[in-house]
>>> print(open('work39.cif').read())   # mmCIF, C-alpha atoms
data_my_file
#
loop_
_atom_site.label_atom_id
_atom_site.label_comp_id
_atom_site.auth_asym_id
_atom_site.auth_seq_id
_atom_site.Cartn_x
_atom_site.Cartn_y
_atom_site.Cartn_z
CA MET A 27 -16.91 32.01 -4.67
CA THR A 28 -19.35 29.17 -4.17
CA LYS A 29 -19.09 26.98 -1.09
CA LEU A 30 -17.93 23.40 -1.72
CA ALA A 31 -20.42 20.69 -0.85
CA ASP A 32 -19.69 18.88 2.41
CA HIS A 33 -20.65 15.51 0.91
CA LEU A 34 -19.94 13.99 -2.48
CA SER A 35 -21.70 11.32 -4.52
CA ILE A 36 -19.85 8.16 -5.50
CA GLY A 37 -19.53 9.54 -9.04
CA GLN A 38 -17.98 12.78 -7.78
CA VAL A 39 -15.53 10.87 -5.57
CA ALA A 40 -14.61 8.57 -8.47
CA GLU A 41 -14.00 11.55 -10.74
CA ARG A 42 -12.01 13.58 -8.18
CA SER A 43 -9.90 10.64 -6.93
CA GLY A 44 -9.39 8.80 -10.22
CA VAL A 45 -10.60 5.61 -8.52
CA PRO A 46 -13.39 3.62 -10.22
CA HIS A 47 -16.77 3.16 -8.51
CA THR A 48 -16.03 -0.53 -8.05
CA ALA A 49 -12.82 0.20 -6.14
CA LEU A 50 -14.64 2.70 -3.91
CA ARG A 51 -17.21 0.06 -3.02
CA PHE A 52 -14.39 -2.43 -2.41
CA TYR A 53 -12.59 0.04 -0.10
CA GLU A 54 -15.84 0.59 1.73
CA ASP A 55 -16.43 -3.16 2.10
CA ARG A 56 -12.93 -3.36 3.65
CA ASN A 57 -13.75 -0.44 6.01
CA LEU A 58 -10.99 1.71 4.52
CA ILE A 59 -13.50 4.46 3.75
CA THR A 60 -17.05 5.12 4.89
CA SER A 61 -20.13 6.73 3.46
CA GLU A 62 -23.53 7.78 4.66
CA ARG A 63 -26.75 7.05 2.83
CA SER A 64 -29.03 9.74 1.43
CA THR A 65 -32.80 9.55 1.80
CA GLY A 66 -32.75 7.92 -1.66
CA ASN A 67 -30.26 5.32 -0.33
CA GLN A 68 -27.37 6.72 -2.37
CA ARG A 69 -23.84 6.80 -1.00
CA ARG A 70 -22.60 10.18 0.20
CA TYR A 71 -18.96 10.63 1.17
CA SER A 72 -17.46 13.29 3.36
CA ARG A 73 -15.07 15.48 1.36
CA SER A 74 -12.21 14.29 3.61
CA VAL A 75 -12.54 10.81 2.03
CA LEU A 76 -10.46 12.17 -0.88
CA ARG A 77 -7.42 12.39 1.43
CA ARG A 78 -7.96 8.86 2.66
CA ILE A 79 -8.20 7.56 -0.90
CA ALA A 80 -5.03 9.42 -1.90
CA PHE A 81 -3.30 7.82 1.08
CA ILE A 82 -4.60 4.35 0.16
CA ARG A 83 -3.38 4.70 -3.42
CA ALA A 84 0.05 5.98 -2.36
CA ALA A 85 0.43 3.15 0.17
CA GLN A 86 -0.57 0.55 -2.42
CA ARG A 87 1.99 1.96 -4.88
CA VAL A 88 4.80 1.28 -2.40
CA GLY A 89 3.56 -2.27 -1.88
CA LEU A 90 1.70 -2.08 1.43
CA SER A 91 -1.19 -4.50 1.80
CA LEU A 92 -4.77 -3.41 2.29
CA GLU A 93 -4.57 -4.98 5.75
CA GLN A 94 -1.62 -2.75 6.67
CA ILE A 95 -3.36 0.26 5.19
CA GLY A 96 -6.54 -0.52 7.12
CA GLU A 97 -4.62 -0.86 10.40
CA ALA A 98 -3.02 2.52 9.80
CA LEU A 99 -6.30 4.19 8.89
CA GLU A 100 -7.85 2.82 12.09
CA THR A 101 -5.56 5.17 14.02
CA LEU A 102 -7.13 8.23 12.39
CA PRO A 103 -10.17 10.01 13.86
CA LYS A 104 -13.56 8.90 12.59
CA ASP A 105 -15.55 11.97 13.63
CA HIS A 106 -13.53 14.62 11.76
CA ALA A 107 -10.95 15.07 9.05
CA PRO A 108 -7.46 14.04 10.19
CA THR A 109 -5.11 16.84 11.13
CA LYS A 110 -1.55 17.33 9.97
CA ALA A 111 -0.42 15.85 13.30
CA ASP A 112 -2.59 12.74 12.72
CA TRP A 113 -1.00 12.16 9.30
CA ALA A 114 2.51 12.79 10.69
CA ARG A 115 1.99 10.21 13.46
CA LEU A 116 0.71 7.65 10.97
CA SER A 117 3.68 8.18 8.63
CA ARG A 118 6.18 7.92 11.51
CA ASN A 119 4.79 4.49 12.33
CA TRP A 120 5.52 3.33 8.78
CA ARG A 121 9.01 4.76 8.49
CA GLU A 122 10.77 1.52 9.54
CA GLU A 123 8.66 -0.60 7.19
CA LEU A 124 9.31 1.72 4.26
CA GLU A 125 13.04 1.87 4.99
CA ALA A 126 13.18 -1.96 4.96
CA ARG A 127 11.36 -2.04 1.62
CA ILE A 128 13.71 0.56 0.16
CA ASP A 129 16.70 -1.45 1.37
CA ALA A 130 15.31 -4.67 -0.15
CA LEU A 131 14.65 -2.98 -3.49
CA GLN A 132 18.13 -1.46 -3.59
CA ARG A 133 19.73 -4.83 -2.81
CA LEU A 134 17.64 -6.49 -5.52
CA ARG A 135 18.59 -3.79 -8.02
CA ASP A 136 22.28 -4.06 -7.14
CA GLN A 137 22.33 -7.86 -7.29
CA LEU A 138 20.48 -8.05 -10.59
CA ILE A 139 22.96 -5.71 -12.29
CA GLY A 140 25.35 -8.69 -12.53
CA CYS A 141 22.79 -10.88 -14.30
CA VAL A 142 22.61 -11.23 -18.06
CA GLY A 143 19.03 -12.32 -18.74
CA CYS A 144 18.97 -15.44 -16.74
CA GLY A 145 21.72 -17.18 -18.44
CA CYS A 146 23.39 -15.77 -15.35
CA LEU A 147 27.16 -15.43 -15.38
CA SER A 148 27.56 -16.45 -11.75
CA LEU A 149 25.04 -19.13 -10.85
CA ARG A 150 26.86 -19.93 -7.58
CA THR A 151 26.13 -16.48 -6.18
CA CYS A 152 22.87 -15.61 -7.96
CA GLY A 153 20.10 -14.65 -5.55
CA LEU A 154 17.49 -16.20 -7.81
CA HIS A 155 19.18 -19.51 -8.73
CA ASN A 156 17.94 -22.43 -6.65
CA VAL A 157 19.43 -25.71 -7.86
CA ASP A 158 17.24 -28.73 -7.05
CA ASP A 159 15.03 -26.48 -4.90
CA ARG A 160 17.57 -26.74 -2.05
CA LEU A 161 16.33 -23.45 -0.57
CA ALA A 162 12.74 -24.68 -0.13
CA ARG A 163 13.30 -25.19 3.60
CA PHE A 164 13.64 -21.39 3.95
CA GLY A 165 10.09 -20.80 2.74
CA PRO A 166 8.58 -19.09 -0.30
CA GLY A 167 10.25 -16.41 -2.37
CA ALA A 168 13.94 -15.80 -2.96
CA PRO A 169 15.60 -16.27 0.44
CA LEU A 170 19.00 -15.20 -0.88
CA LEU A 171 17.52 -11.76 -1.58
CA LYS A 172 15.71 -11.36 1.76
CA PRO A 173 17.35 -9.70 4.76
CA ALA A 174 18.12 -12.15 7.58
CA ALA A 175 15.49 -10.46 9.77
CA GLU A 176 12.87 -11.58 7.24
CA GLY A 177 14.05 -15.18 7.00
CA GLY A 178 16.74 -14.65 4.38
CA ILE A 179 20.04 -16.46 4.44
#
>>> encode(input="work39.cif", output="structure tokens")
Amino acid sequence: MTKLADHLSIGQVAERSGVPHTALRFYEDRNLITSERSTGNQRRYSRSVLRRIAFIRAAQRVGLSLEQIGEALETLPKDHAPTKADWARLSRNWREELEARIDALQRLRDQLIGCVGCGCLSLRTCGLHNVDDRLARFGPGAPLLKPAAEGGI
């Protein structure tokens, strides 16, 4: 069996991760991933960058911001590939945030079941209906759908 290369080109990382070159450069500009430069000034990524990219993509899919993702990645070691314990610690820190998001999505799903298009059958209790913008004082979004801890009413 041939030994895997320790470093990958941007094309290899793009192919293996399914992330376009432009996104890899964007992630690097945001310090989410890092590369070294070859003698020909080409980007070379450590093989462990594939795990970081998979993590970034998974976190984005559940709605976490790049800022939140970057803060989490900052807790991982820079000088070696993260261990299972490193990943477990990082995911524990997000558990509360993810539980809140799950709760909000479930409440939204359950409240929208009663709607028929948006010729809603119960405008007095609809979480999206905002007559005369009377809910503006509660900030942007749909405050009737937000938990009280997030400024909902």
>>> resolve_selection(input="work39.cif", expression="the PyMOL selection byres ((chain A and resi 94) around 12)", output="JSON, numbers by chain")
{"A": [56, 58, 82, 85, 86, 88, 89, 90, 91, 92, 93, 95, 96, 97, 98, 99, 100, 101, 116, 119, 120, 123]}
>>> residues_near_point(input="work39.cif", point="(-20.7, -1.2, -4.6)", cutoff="12 Å", atoms="all atoms listed in the file", output="PyMOL selection string")
chain A and resi 36-37+46-56+60-61+68-69
>>> atom_distance(input="work39.cif", atom1="CA of Leu102 (chain A)", atom2="CA of His33 (chain A)")
19.2 Å
>>> closest_residue(input="work39.cif", among="A:Lys110, A:Arg87, A:Lys104, A:Arg115", to="Ser72 (chain A)", atoms="all atoms listed in the file")
A:Lys104
>>> atom_distance(input="work39.cif", atom1="CA of Thr65 (chain A)", atom2="CA of Asp32 (chain A)")
16.1 Å
>>> closest_residue(input="work39.cif", among="A:Ala31, A:Gly44, A:Pro103, A:Thr109", to="Tyr71 (chain A)", atoms="only C-alpha atoms")
A:Ala31
>>> atom_distance(input="work39.cif", atom1="CA of Arg73 (chain A)", atom2="CA of Leu34 (chain A)")
6.4 Å
>>> residues_around(input="work39.cif", residues="Ser43 (chain A)", least_positions_apart="5", cutoff="8 Å", atoms="only C-alpha atoms", output="ChimeraX atom specification")
/A:76,79-80
>>> write_last_selection(input="work39.cif", atoms="C-alpha atoms", output="tab-separated table (two decimals), in the coordinates of the input")
chain	number	residue	atom	x	y	z
A	76	LEU	CA	-10.46	12.17	-0.88
A	79	ILE	CA	-8.20	7.56	-0.90
A	80	ALA	CA	-5.03	9.42	-1.90
>>> build_atoms(input="work39.cif", residues="region 94-115 of chain A", atoms="N, CA and C atoms", output="PDB file, keeping the file's coordinate frame")
ATOM      1  N   GLN A  94      -2.494  -3.744   6.032  1.00  0.00           N
ATOM      2  CA  GLN A  94      -1.620  -2.750   6.670  1.00  0.00           C
ATOM      3  C   GLN A  94      -2.204  -1.348   6.559  1.00  0.00           C
ATOM      4  N   ILE A  95      -2.756  -1.052   5.406  1.00  0.00           N
ATOM      5  CA  ILE A  95      -3.360   0.260   5.190  1.00  0.00           C
ATOM      6  C   ILE A  95      -4.550   0.450   6.118  1.00  0.00           C
ATOM      7  N   GLY A  96      -5.379  -0.591   6.232  1.00  0.00           N
ATOM      8  CA  GLY A  96      -6.540  -0.520   7.120  1.00  0.00           C
ATOM      9  C   GLY A  96      -6.148  -0.311   8.574  1.00  0.00           C
ATOM     10  N   GLU A  97      -5.093  -1.016   9.013  1.00  0.00           N
ATOM     11  CA  GLU A  97      -4.620  -0.860  10.400  1.00  0.00           C
ATOM     12  C   GLU A  97      -4.162   0.575  10.632  1.00  0.00           C
ATOM     13  N   ALA A  98      -3.483   1.142   9.662  1.00  0.00           N
ATOM     14  CA  ALA A  98      -3.020   2.520   9.800  1.00  0.00           C
ATOM     15  C   ALA A  98      -4.192   3.497   9.826  1.00  0.00           C
ATOM     16  N   LEU A  99      -5.153   3.295   8.946  1.00  0.00           N
ATOM     17  CA  LEU A  99      -6.300   4.190   8.890  1.00  0.00           C
ATOM     18  C   LEU A  99      -7.153   4.118  10.156  1.00  0.00           C
ATOM     19  N   GLU A 100      -7.116   2.966  10.824  1.00  0.00           N
ATOM     20  CA  GLU A 100      -7.850   2.820  12.090  1.00  0.00           C
ATOM     21  C   GLU A 100      -7.349   3.796  13.151  1.00  0.00           C
ATOM     22  N   THR A 101      -6.121   4.249  13.021  1.00  0.00           N
ATOM     23  CA  THR A 101      -5.560   5.170  14.020  1.00  0.00           C
ATOM     24  C   THR A 101      -6.016   6.611  13.801  1.00  0.00           C
ATOM     25  N   LEU A 102      -6.673   6.869  12.681  1.00  0.00           N
ATOM     26  CA  LEU A 102      -7.130   8.230  12.390  1.00  0.00           C
ATOM     27  C   LEU A 102      -8.525   8.458  12.974  1.00  0.00           C
ATOM     28  N   PRO A 103      -8.853   9.714  13.289  1.00  0.00           N
ATOM     29  CA  PRO A 103     -10.170  10.010  13.860  1.00  0.00           C
ATOM     30  C   PRO A 103     -11.296   9.691  12.880  1.00  0.00           C
ATOM     31  N   LYS A 104     -12.402   9.232  13.414  1.00  0.00           N
ATOM     32  CA  LYS A 104     -13.560   8.900  12.590  1.00  0.00           C
ATOM     33  C   LYS A 104     -14.563  10.053  12.514  1.00  0.00           C
ATOM     34  N   ASP A 105     -14.528  10.938  13.531  1.00  0.00           N
ATOM     35  CA  ASP A 105     -15.550  11.970  13.630  1.00  0.00           C
ATOM     36  C   ASP A 105     -15.176  13.295  12.980  1.00  0.00           C
ATOM     37  N   HIS A 106     -13.952  13.406  12.461  1.00  0.00           N
ATOM     38  CA  HIS A 106     -13.530  14.620  11.760  1.00  0.00           C
ATOM     39  C   HIS A 106     -12.339  14.327  10.855  1.00  0.00           C
ATOM     40  N   ALA A 107     -12.077  15.257   9.965  1.00  0.00           N
ATOM     41  CA  ALA A 107     -10.950  15.070   9.050  1.00  0.00           C
ATOM     42  C   ALA A 107      -9.648  15.022   9.839  1.00  0.00           C
ATOM     43  N   PRO A 108      -8.743  14.129   9.481  1.00  0.00           N
ATOM     44  CA  PRO A 108      -7.460  14.040  10.190  1.00  0.00           C
ATOM     45  C   PRO A 108      -6.676  15.359  10.081  1.00  0.00           C
ATOM     46  N   THR A 109      -5.947  15.646  11.120  1.00  0.00           N
ATOM     47  CA  THR A 109      -5.110  16.840  11.130  1.00  0.00           C
ATOM     48  C   THR A 109      -3.730  16.507  10.581  1.00  0.00           C
ATOM     49  N   LYS A 110      -2.925  17.532  10.406  1.00  0.00           N
ATOM     50  CA  LYS A 110      -1.550  17.330   9.970  1.00  0.00           C
ATOM     51  C   LYS A 110      -0.805  16.439  10.974  1.00  0.00           C
ATOM     52  N   ALA A 111      -1.064  16.653  12.251  1.00  0.00           N
ATOM     53  CA  ALA A 111      -0.420  15.850  13.300  1.00  0.00           C
ATOM     54  C   ALA A 111      -0.835  14.380  13.204  1.00  0.00           C
ATOM     55  N   ASP A 112      -2.107  14.118  12.887  1.00  0.00           N
ATOM     56  CA  ASP A 112      -2.590  12.740  12.720  1.00  0.00           C
ATOM     57  C   ASP A 112      -1.831  12.045  11.579  1.00  0.00           C
ATOM     58  N   TRP A 113      -1.697  12.734  10.454  1.00  0.00           N
ATOM     59  CA  TRP A 113      -1.000  12.160   9.300  1.00  0.00           C
ATOM     60  C   TRP A 113       0.481  11.958   9.620  1.00  0.00           C
ATOM     61  N   ALA A 114       1.083  12.904  10.339  1.00  0.00           N
ATOM     62  CA  ALA A 114       2.510  12.790  10.690  1.00  0.00           C
ATOM     63  C   ALA A 114       2.743  11.574  11.588  1.00  0.00           C
ATOM     64  N   ARG A 115       1.867  11.358  12.563  1.00  0.00           N
ATOM     65  CA  ARG A 115       1.990  10.210  13.460  1.00  0.00           C
ATOM     66  C   ARG A 115       1.874   8.907  12.672  1.00  0.00           C
TER      67      ARG A 115
END
